[in-house]
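Data from structure11.txt: compact mmCIF, C-alpha atoms
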```txt
# COMPACT_ATOMS: atom_id res chain seq x y z
CA MET A 863 70.26 122.59 118.75
CA PHE A 864 67.72 119.93 117.76
CA CYS A 865 64.90 120.13 115.28
CA VAL A 866 62.38 117.87 113.56
CA TYR A 867 63.07 117.09 109.91
CA TRP A 868 60.68 115.82 107.26
CA ASN A 869 62.14 114.68 103.99
CA PRO A 870 59.55 114.16 101.24
CA PHE A 871 62.23 113.12 98.75
CA PHE A 872 63.50 110.03 100.53
CA SER A 873 60.22 109.22 102.28
CA THR A 874 58.50 108.59 98.94
CA VAL A 875 61.09 106.91 96.74
CA SER A 876 63.54 105.14 99.00
CA SER A 877 61.97 101.66 98.81
CA TYR A 878 59.81 99.43 96.67
CA ILE A 879 58.86 97.08 99.48
CA MET A 880 55.31 98.02 100.43
CA ALA A 881 55.64 97.55 104.19
CA GLU A 882 56.39 99.54 107.30
CA ILE A 883 58.64 96.84 108.71
CA ILE A 884 60.56 94.09 106.95
CA ASN A 885 59.39 90.52 107.44
CA LEU A 886 61.14 87.15 107.39
CA LYS A 887 60.55 86.69 103.65
CA HIS A 888 62.29 90.01 102.93
CA ILE A 889 65.25 88.89 105.05
CA GLU A 890 65.48 85.45 103.47
CA SER A 891 65.39 86.96 99.99
CA ALA A 892 68.08 89.49 100.93
CA VAL A 893 70.30 86.80 102.44
CA THR A 894 70.10 84.80 99.20
CA THR A 895 71.00 87.90 97.18
CA ILE A 896 73.95 88.65 99.45
CA GLU A 897 75.25 85.08 99.50
CA GLN A 898 75.33 85.15 95.71
CA SER A 899 77.18 88.46 95.54
CA ALA A 900 80.94 88.67 95.09
CA MET A 901 80.85 92.02 96.91
CA VAL A 902 80.01 90.54 100.32
CA ARG A 903 81.98 88.09 102.41
CA ARG A 904 80.99 86.20 105.54
CA THR A 905 82.88 87.93 108.35
CA PRO A 906 84.50 86.22 111.34
CA LEU A 907 82.81 85.93 114.71
CA LEU A 908 85.53 86.05 117.37
CA LYS A 909 84.19 83.97 120.24
CA ASN A 910 84.94 84.16 123.94
CA VAL A 911 87.37 87.08 123.75
CA GLY A 912 86.30 88.68 127.02
CA LYS A 913 89.53 87.80 128.80
CA ILE A 914 91.59 89.61 126.15
CA PHE A 915 89.62 92.81 126.78
CA GLY A 916 89.29 92.55 130.56
CA PHE A 917 85.69 91.31 130.67
CA ALA A 918 86.36 87.73 131.81
CA ASP A 919 84.46 88.07 135.10
CA LYS A 920 81.76 90.37 133.73
CA PHE A 921 80.20 88.63 130.71
CA LYS A 922 80.98 86.33 127.78
CA LEU A 923 82.07 88.54 124.86
CA HIS A 924 81.92 87.71 121.16
CA LEU A 925 82.86 90.15 118.38
CA LYS A 926 81.28 90.11 114.92
CA MET A 927 84.03 91.60 112.75
CA GLU A 928 82.32 93.61 110.03
CA SER A 929 85.49 95.72 109.95
CA MET A 930 86.88 92.81 107.92
CA GLN A 931 84.08 93.09 105.35
CA ASN A 932 84.74 94.10 101.74
CA THR A 933 85.21 97.91 101.57
CA GLY A 934 86.10 97.81 105.28
CA SER A 935 82.58 98.06 106.67
CA PHE A 936 79.15 96.44 106.83
CA LYS A 937 77.67 98.90 104.32
CA VAL A 938 78.04 96.60 101.31
CA ARG A 939 75.42 94.24 102.72
CA GLY A 940 72.70 96.84 102.44
CA ILE A 941 73.69 98.30 99.11
CA VAL A 942 73.94 94.89 97.42
CA ASN A 943 70.29 94.27 98.24
CA GLN A 944 69.36 97.82 97.25
CA VAL A 945 70.90 97.60 93.79
CA ALA A 946 69.32 94.18 93.25
CA HIS A 947 65.99 96.04 93.19
CA ILE A 948 66.95 98.94 90.94
CA PRO A 949 64.38 99.20 88.12
CA SER A 950 65.50 97.76 84.79
CA GLU A 951 64.99 101.09 83.01
CA VAL A 952 67.60 102.70 85.28
CA LEU A 953 70.14 100.09 84.20
CA LYS A 954 69.08 100.23 80.55
CA ASN A 955 69.22 104.03 80.34
CA LYS A 956 72.48 104.30 82.31
CA THR A 957 70.76 106.67 84.73
CA SER A 958 73.11 108.25 87.23
CA LEU A 959 72.79 107.12 90.84
CA VAL A 960 72.92 109.67 93.65
CA SER A 961 73.31 109.36 97.41
CA MET A 962 74.84 110.96 100.50
CA SER A 963 77.52 109.72 102.88
CA ALA A 964 80.36 110.79 105.13
CA GLY A 965 82.46 107.83 104.02
CA ASN A 966 81.68 104.13 104.41
CA TYR A 967 78.37 104.02 102.56
CA GLY A 968 79.95 106.20 99.90
CA LYS A 969 82.74 103.68 99.42
CA ALA A 970 80.25 100.82 99.07
CA PHE A 971 78.13 103.02 96.78
CA ALA A 972 81.18 103.55 94.57
CA PHE A 973 81.89 99.83 94.33
CA ALA A 974 78.27 99.08 93.49
CA SER A 975 77.99 101.78 90.81
CA LYS A 976 81.19 100.49 89.23
CA GLU A 977 79.85 96.94 89.28
CA LEU A 978 76.66 98.17 87.55
CA ASN A 979 78.63 100.39 85.15
CA LEU A 980 76.47 103.37 86.09
CA PRO A 981 77.54 106.98 86.63
CA ALA A 982 77.16 108.15 90.21
CA THR A 983 77.24 111.29 92.34
CA LEU A 984 77.76 111.40 96.09
CA CYS A 985 76.89 114.38 98.30
CA MET A 986 79.31 114.47 101.23
CA PRO A 987 79.39 116.76 104.26
CA ASP A 988 82.41 119.02 104.13
CA SER A 989 83.21 117.98 107.69
CA ALA A 990 84.17 114.49 106.46
CA PRO A 991 87.92 113.84 106.03
CA ILE A 992 89.15 114.83 102.57
CA ASN A 993 90.93 111.52 102.14
CA ARG A 994 87.55 109.75 102.07
CA ALA A 995 86.33 112.02 99.29
CA ASN A 996 89.53 111.40 97.32
CA LEU A 997 89.20 107.63 97.70
CA ILE A 998 85.60 107.63 96.48
CA GLU A 999 86.46 109.91 93.55
CA ASN A 1000 89.28 107.54 92.60
CA LEU A 1001 86.67 104.79 92.36
CA GLY A 1002 84.84 106.80 89.70
CA VAL A 1003 82.15 108.63 91.66
CA LYS A 1004 81.66 112.39 91.46
CA VAL A 1005 81.86 113.76 95.00
CA GLU A 1006 80.22 117.05 95.93
CA ARG A 1007 81.30 118.39 99.32
CA MET A 1008 79.00 120.83 101.05
CA PRO A 1009 77.68 121.88 104.48
CA LYS A 1010 75.51 119.18 106.00
CA GLU A 1011 72.36 121.30 105.87
CA GLU A 1012 72.69 121.69 102.08
CA ILE A 1013 72.84 117.97 101.31
CA ILE A 1014 69.11 117.16 101.20
CA PRO A 1015 68.28 120.12 98.89
CA ALA A 1016 71.16 119.13 96.62
CA LEU A 1017 69.91 115.55 96.42
CA GLU A 1018 66.37 116.67 95.66
CA GLN A 1019 67.69 118.92 92.91
CA HIS A 1020 69.69 116.10 91.33
CA VAL A 1021 66.58 113.91 91.24
CA ALA A 1022 64.02 116.52 90.19
CA GLU A 1023 66.09 118.43 87.63
CA GLU A 1024 68.61 115.87 86.40
CA GLY A 1025 66.62 112.66 86.72
CA MET A 1026 69.17 110.84 88.91
CA TYR A 1027 68.09 107.69 90.78
CA PRO A 1028 68.46 107.97 94.58
CA LEU A 1029 69.75 105.34 96.97
CA HIS A 1030 69.26 106.16 100.62
CA PRO A 1031 72.24 105.31 102.87
CA PHE A 1032 70.10 104.01 105.75
CA ASP A 1033 66.34 104.67 105.52
CA ASP A 1034 65.46 102.02 102.95
CA LEU A 1035 63.72 98.70 103.53
CA HIS A 1036 65.84 96.80 100.99
CA LEU A 1037 68.94 98.08 102.77
CA ILE A 1038 67.55 97.15 106.20
CA ALA A 1039 66.76 93.64 104.97
CA GLY A 1040 70.32 93.34 103.67
CA MET A 1041 71.71 94.38 107.06
CA ALA A 1042 69.72 91.58 108.66
CA SER A 1043 72.19 89.16 107.09
CA VAL A 1044 74.59 90.07 109.92
CA ALA A 1045 72.08 88.69 112.42
CA ILE A 1046 71.61 85.50 110.41
CA GLU A 1047 75.37 84.87 110.41
CA ILE A 1048 75.55 85.46 114.16
CA LEU A 1049 72.70 83.01 114.80
CA ASP A 1050 74.46 80.33 112.75
CA GLU A 1051 77.12 80.26 115.48
CA ILE A 1052 75.32 81.59 118.58
CA PRO A 1053 71.66 80.54 118.38
CA GLN A 1054 70.40 82.49 121.41
CA PRO A 1055 72.56 85.50 122.39
CA ASP A 1056 71.46 87.31 125.52
CA VAL A 1057 72.55 90.76 124.35
CA VAL A 1058 73.58 92.19 120.96
CA VAL A 1059 75.12 95.66 120.81
CA VAL A 1060 75.19 97.57 117.52
CA CYS A 1061 76.48 100.98 116.42
CA CYS A 1062 73.74 103.36 115.31
CA GLY A 1063 73.80 106.42 113.08
CA GLY A 1064 70.73 106.67 110.87
CA GLY A 1065 69.74 103.22 112.11
CA GLY A 1066 69.99 100.93 109.07
CA LEU A 1067 72.24 98.33 110.69
CA VAL A 1068 70.61 98.18 114.10
CA SER A 1069 67.19 97.98 112.41
CA GLY A 1070 68.22 95.04 110.24
CA VAL A 1071 70.09 93.19 112.98
CA ALA A 1072 67.28 93.64 115.49
CA ALA A 1073 64.59 92.58 113.02
CA GLY A 1074 66.64 89.57 111.97
CA LEU A 1075 67.15 88.41 115.55
CA LYS A 1076 63.57 88.91 116.67
CA LEU A 1077 61.96 87.48 113.54
CA LYS A 1078 64.18 84.39 113.81
CA GLY A 1079 62.82 83.69 117.27
CA CYS A 1080 65.23 85.43 119.66
CA GLU A 1081 62.41 86.92 121.69
CA SER A 1082 64.45 87.29 124.88
CA THR A 1083 67.54 88.80 123.23
CA ARG A 1084 68.09 92.42 124.21
CA ILE A 1085 69.37 94.62 121.36
CA TYR A 1086 70.99 97.99 122.03
CA GLY A 1087 72.00 100.67 119.54
CA VAL A 1088 74.91 102.94 120.41
CA GLN A 1089 75.34 106.57 119.27
CA PRO A 1090 77.79 109.37 120.05
CA GLU A 1091 76.56 111.88 122.62
CA ALA A 1092 77.36 114.57 120.05
CA ALA A 1093 75.03 113.07 117.41
CA PRO A 1094 72.02 111.62 119.26
CA SER A 1095 69.40 111.67 116.50
CA MET A 1096 68.06 108.13 117.01
CA TYR A 1097 68.31 108.40 120.79
CA LEU A 1098 66.14 111.53 120.74
CA SER A 1099 63.80 110.09 118.12
CA LYS A 1100 63.13 106.97 120.18
CA GLN A 1101 62.56 109.03 123.30
CA GLN A 1102 60.22 111.51 121.62
CA GLY A 1103 58.39 109.06 119.37
CA HIS A 1104 59.08 110.89 116.11
CA VAL A 1105 62.05 111.54 113.85
CA VAL A 1106 64.45 114.11 115.27
CA GLY A 1107 67.40 115.67 113.47
CA VAL A 1108 70.56 117.23 114.84
CA LYS A 1109 71.55 120.53 113.23
CA SER A 1110 75.11 120.50 114.48
CA THR A 1111 77.31 117.48 115.20
CA ASN A 1112 80.95 117.35 116.11
CA THR A 1113 82.09 113.79 116.72
CA ILE A 1114 85.10 111.67 115.89
CA ALA A 1115 82.61 109.03 114.74
CA SER A 1116 81.46 110.91 111.64
CA GLY A 1117 79.86 107.78 110.20
CA LEU A 1118 77.35 107.87 113.07
CA ALA A 1119 76.34 111.49 112.57
CA PRO A 1120 73.67 111.81 109.85
CA PRO A 1121 71.52 114.96 109.87
CA ARG A 1122 68.50 112.98 111.07
CA ALA A 1123 67.27 109.55 112.02
CA GLY A 1124 65.21 107.65 109.45
CA GLU A 1125 61.45 107.23 109.37
CA LYS A 1126 61.70 103.55 108.52
CA THR A 1127 64.61 102.87 110.83
CA LEU A 1128 62.86 104.55 113.76
CA ARG A 1129 59.87 102.28 113.18
CA HIS A 1130 62.14 99.23 113.45
CA VAL A 1131 63.94 100.61 116.49
CA GLN A 1132 60.62 101.20 118.24
CA GLU A 1133 59.52 97.66 117.44
CA PHE A 1134 62.67 95.63 118.07
CA VAL A 1135 65.37 97.60 119.95
CA GLU A 1136 65.59 97.70 123.73
CA ASP A 1137 67.27 101.09 123.98
CA ILE A 1138 69.72 103.53 122.41
CA ILE A 1139 72.86 104.13 124.48
CA LEU A 1140 75.03 107.25 124.21
CA VAL A 1141 78.84 107.24 124.47
CA SER A 1142 81.23 110.16 124.82
CA GLU A 1143 84.10 111.13 122.56
CA ASP A 1144 86.60 109.96 125.16
CA GLU A 1145 84.84 106.60 125.40
CA LEU A 1146 84.98 106.19 121.62
CA LYS A 1147 88.69 107.05 121.60
CA SER A 1148 89.36 104.63 124.43
CA ALA A 1149 87.64 101.82 122.52
CA VAL A 1150 89.73 102.49 119.40
CA LYS A 1151 92.89 102.43 121.52
CA THR A 1152 91.88 99.18 123.21
CA PHE A 1153 91.32 97.51 119.86
CA PHE A 1154 94.61 98.81 118.48
CA ASN A 1155 96.50 97.57 121.53
CA THR A 1156 95.17 94.08 120.83
CA GLY A 1157 96.13 94.21 117.14
CA LEU A 1158 92.78 95.27 115.66
CA VAL A 1159 92.38 98.42 113.55
CA VAL A 1160 88.89 99.83 114.11
CA GLU A 1161 87.50 103.27 113.28
CA PRO A 1162 85.68 105.26 115.99
CA ALA A 1163 82.22 104.64 114.50
CA GLY A 1164 83.04 100.95 114.25
CA ALA A 1165 84.05 100.82 117.90
CA ALA A 1166 80.88 102.39 119.33
CA ALA A 1167 79.22 99.14 120.44
CA PHE A 1168 82.40 98.05 122.19
CA ALA A 1169 82.73 101.51 123.78
CA ALA A 1170 79.33 101.08 125.44
CA LEU A 1171 80.45 97.77 126.93
CA GLN A 1172 83.84 99.08 128.00
CA SER A 1173 82.21 101.99 129.80
CA SER A 1174 79.70 99.68 131.55
CA LYS A 1175 76.66 101.31 129.91
CA ILE A 1176 74.82 98.13 128.95
CA PRO A 1177 72.57 97.17 131.90
CA ASP A 1178 71.92 93.85 133.59
CA LEU A 1179 74.95 91.86 132.50
CA SER A 1180 76.27 88.90 134.49
CA PRO A 1181 79.24 86.52 134.11
CA GLU A 1182 76.90 84.14 132.30
CA SER A 1183 75.55 86.72 129.83
CA CYS A 1184 76.30 85.90 126.20
CA VAL A 1185 77.06 89.27 124.58
CA VAL A 1186 77.75 89.97 120.90
CA ALA A 1187 79.19 93.35 119.90
CA ILE A 1188 79.30 94.20 116.21
CA VAL A 1189 82.55 95.87 115.14
CA THR A 1190 81.32 97.73 112.11
CA GLY A 1191 84.23 99.40 110.33
CA GLY A 1192 87.98 99.61 109.99
CA ASN A 1193 88.39 102.53 107.61
CA ILE A 1194 90.78 104.78 109.50
CA THR A 1195 93.99 106.42 108.34
CA PRO A 1196 97.17 106.50 110.46
CA GLU A 1197 96.61 110.23 110.97
CA GLU A 1198 93.04 109.66 112.20
CA LEU A 1199 94.25 106.87 114.45
CA MET A 1200 96.80 109.22 115.99
CA ASP A 1201 94.01 111.72 116.68
CA THR A 1202 92.42 109.21 119.05
CA TYR A 1203 95.55 109.47 121.19
CA SER A 1204 95.34 113.26 121.46
```
Please re-express this file's structure in C-alpha cells.
Amino acid sequence: MFCVYWNPFFSTVSSYIMAEIINLKHIESAVTTIEQSAMVRRTPLLKNVGKIFGFADKFKLHLKMESMQNTGSFKVRGIVNQVAHIPSEVLKNKTSLVSMSAGNYGKAFAFASKELNLPATLCMPDSAPINRANLIENLGVKVERMPKEEIIPALEQHVAEEGMYPLHPFDDLHLIAGMASVAIEILDEIPQPDVVVVCCGGGGLVSGVAAGLKLKGCESTRIYGVQPEAAPSMYLSKQQGHVVGVKSTNTIASGLAPPRAGEKTLRHVQEFVEDIILVSEDELKSAVKTFFNTGLVVEPAGAAAFAALQSSKIPDLSPESCVVAIVTGGNITPEELMDTYS
C-alpha cells in the first residue's frame, strides 16, 4: 500500500543552504571539505570491465567502487559535509545527534559522531539485520530498534523533548552536495560519460551525482536511478510529481527502502535524472552473485545499478556507449551473502 507522507520535522531543519537545488559553488565547497577529511578516500574507477561481466559487445562498462570507501559505502561523503555545517553551539554544548538508518548511513553517522566526540542516537527499523545494530552500538551510538512507521515520531520526540540535533540520512542539501563528489571523481577520468547508473533509496546519492554531472557540463549524459520493485518510493514520486511513501517494504536491499522519498531529493531527480528504473529481488541477487564470482563483495543495495544493466533495463545502449555504474556498498555478512543464493 502506498501513501503520501509529509514530514514537518525534517522539512524545516534538515539544511542550512537556502536553496531548492544545490549549485556549483555548493559542490565545489563540499569537494574541498571532503578532500580535506580523513574519513573519505578517493575510490577506484575500474575501467573497461565489460568483457569480465559479459557486456563486451553491448556497451563499454566502468565501475565506480564506492564499496571500497571508508565504512564500506558512499555514505561518509554526505555526512562529512553535513557535520562541517553543524552549528558551533551544538559542538560546544555536546548536544546529542540523532538520525535514522537501516545500516550504512548509521555506520557513517557513528564514525562522524565519534570524530566530533558527540553523543548520538540512531533510530533503526527492526527489519534491519541485528548485526548492523550491534556494529553501530559498538562504535558508541545508542541504537533504538522499532517498526518503520514509528521512526519519524521517535525522531521528532528526541528533537522536541530532548533537544537533540537531527541529521537527515538523505534529504539534506549539504549531504547532496557531498554526494556530488562522486561525480567529480568520475569526470576526472571520464570527462563525458554517455550513461551513469546509480542506486536510489531516498535519493541522496543519485541527486548529488546527477547535479554534479549536469552542473559540470555533461548536458547529454543520461542519469538513471535504480530502486527495488518492493520499495519504489522515488519511482512513484517521480511519476506522480510529489513525494510518495511506501508503508510496507520487503526487500533484500534494505538500504534502498526508506519509508518515503525526500522532498529535496525529488526536486533534484525531477531536474537532473532521466528516469528511475525498478529491479526485482531475483535481479538484485543475481547481481550480487555475479560480483562475488568475479572476486568482488557487494551488498544487494550496492549492486542495484549493476542489476539494472545486467537485466537489460537501461534503454538505448550501443557497443560505443560509455556507461558508468556506481557500486555503492560492500557491507554484507557471510550469512547475508549466502541468502542471495537461496
Problem - Atomic separation - CA of Leu923 (chain A) relative to CA of Val911 (chain A), Å - result: 5.6 Å
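Considering all atoms listed in the file, the residue among A:Leu1179, A:Met901, A:Leu1171, A:Ala1123 positioned nearest to Gly916 (chain A) is A:Leu1171.
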Using all atoms listed in the file, list the residues that have an atom at most 7 Å from (77.5, 95.5, 97.7), coordinates as in the file, as a JSON list (two decimals) with C-alpha atoms, in the frame of the given file.
```json
[["chain", "number", "residue", "atom", "x", "y", "z"],
["A", 901, "MET", "CA", 80.85, 92.02, 96.91],
["A", 902, "VAL", "CA", 80.01, 90.54, 100.32],
["A", 938, "VAL", "CA", 78.04, 96.60, 101.31],
["A", 939, "ARG", "CA", 75.42, 94.24, 102.72],
["A", 940, "GLY", "CA", 72.70, 96.84, 102.44],
["A", 941, "ILE", "CA", 73.69, 98.30, 99.11],
["A", 942, "VAL", "CA", 73.94, 94.89, 97.42],
["A", 970, "ALA", "CA", 80.25, 100.82, 99.07],
["A", 974, "ALA", "CA", 78.27, 99.08, 93.49]]
```
Practice task
Place a sphere of radius 10 Å on (72.6, 87.9, 101.6) in the file coordinates and name every protein, DNA or RNA residue with an atom inside or on its surface, counting all atoms listed in the file; give the answer as a list of chain:residue names.
Solution key: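 Within the cut-off we find A:Ile889, A:Glu890, A:Ser891, A:Ala892, A:Val893, A:Thr894, A:Thr895, A:Ile896, A:Glu897, A:Gln898, A:Ser899, A:Val902, A:Arg903, A:Arg904, A:Arg939, A:Gly940, A:Val942, A:Asn943, A:Ala1039, A:Gly1040, A:Met1041, A:Ala1042, A:Ser1043, A:Val1044, A:Ile1046, A:Glu1047.
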Please, could you write that set of residues out with C-alpha atoms as a JSON list (two decimals), keeping the file's coordinate frame?
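Everything below was put into part32.json:
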```json
[["chain", "number", "residue", "atom", "x", "y", "z"],
["A", 889, "ILE", "CA", 65.25, 88.89, 105.05],
["A", 890, "GLU", "CA", 65.48, 85.45, 103.47],
["A", 891, "SER", "CA", 65.39, 86.96, 99.99],
["A", 892, "ALA", "CA", 68.08, 89.49, 100.93],
["A", 893, "VAL", "CA", 70.30, 86.80, 102.44],
["A", 894, "THR", "CA", 70.10, 84.80, 99.20],
["A", 895, "THR", "CA", 71.00, 87.90, 97.18],
["A", 896, "ILE", "CA", 73.95, 88.65, 99.45],
["A", 897, "GLU", "CA", 75.25, 85.08, 99.50],
["A", 898, "GLN", "CA", 75.33, 85.15, 95.71],
["A", 899, "SER", "CA", 77.18, 88.46, 95.54],
["A", 902, "VAL", "CA", 80.01, 90.54, 100.32],
["A", 903, "ARG", "CA", 81.98, 88.09, 102.41],
["A", 904, "ARG", "CA", 80.99, 86.20, 105.54],
["A", 939, "ARG", "CA", 75.42, 94.24, 102.72],
["A", 940, "GLY", "CA", 72.70, 96.84, 102.44],
["A", 942, "VAL", "CA", 73.94, 94.89, 97.42],
["A", 943, "ASN", "CA", 70.29, 94.27, 98.24],
["A", 1039, "ALA", "CA", 66.76, 93.64, 104.97],
["A", 1040, "GLY", "CA", 70.32, 93.34, 103.67],
["A", 1041, "MET", "CA", 71.71, 94.38, 107.06],
["A", 1042, "ALA", "CA", 69.72, 91.58, 108.66],
["A", 1043, "SER", "CA", 72.19, 89.16, 107.09],
["A", 1044, "VAL", "CA", 74.59, 90.07, 109.92],
["A", 1046, "ILE", "CA", 71.61, 85.50, 110.41],
["A", 1047, "GLU", "CA", 75.37, 84.87, 110.41]]
```
Problem - Length of the CA of Ser975 (chain A) to CA of Gln931 (chain A) vector [Å] - result: 18.0 Å
Handout entry: Separation of CA of Ala1115 (chain A) from CA of Pro1090 (chain A), in Å and rounded to one decimal
Key =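 Taking CA of Ala1115 (chain A) as the start and CA of Pro1090 (chain A) as the end point, the length is 7.2 Å.
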Padding 5 Å on every side, please: axis-aligned box over the listed atoms of region 919-932 of chain A, centre and edge lengths to one decimal in Å, as AutoDock Vina command-line options.
```
--center_x 83.5 --center_y 91.0 --center_z 118.4 --size_x 16.7 --size_y 19.4 --size_z 43.4
```
Exercise for the section: Go through A:Val1108, A:Leu925, A:Ala1170, A:Ala995 and flag the residue nearest Glu1011 (chain A), using all atoms listed in the file for the distances. Expected result: A:Val1108
Practice task
Excluding region 952-959 of chain A and any residue of its chain fewer than 5 positions from it, enumerate the residues within 6 Å of it, using only C-alpha atoms, and give them as a PyMOL selection string.
Solution key: chain A and resi 980-982+1026-1028
Practice task
Find the spatial neighbours of region 1193-1195 of chain A, counting all atoms listed in the file, within a cut-off of 8 Å - ignore same-chain residues fewer than 5 positions away - and output them as a ChimeraX atom specification.
Solution key: /A:929,934-935,966,1159-1161
Practice task
Check the smallest atom-to-atom distance from each of A:Leu1029, A:Ile1085, A:Val1060, A:Ile1013 to Glu1133 (chain A) using all atoms listed in the file, then report the winner.
Solution key: A:Ile1085
Problem - Nearest to Pro1121 (chain A), chosen from A:Pro1094, A:Gly1164, A:Gly1191, A:Gly1002, with only C-alpha atoms counted in the distances - result: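 Residue with the minimum atom-to-atom distance to Pro1121 (chain A): A:Pro1094.
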Handout entry: Given only C-alpha atoms as the counted atoms, nearest of A:Lys926, A:Arg1007, A:Lys969, A:Arg1129 to Ser989 (chain A)
Key =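 Looking only at the distances to Ser989 (chain A), the closest residue turns out to be A:Arg1007.
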Problem - Test item: residues at most 12 Å from Glu1198 (chain A), only C-alpha atoms, excluding those fewer than 5 positions along its chain, as a VMD selection string - result: chain A and resid 990 to 994 1114 to 1116 1147 1150 to 1151 1159 to 1162 1192 to 1193 1203 to 1204
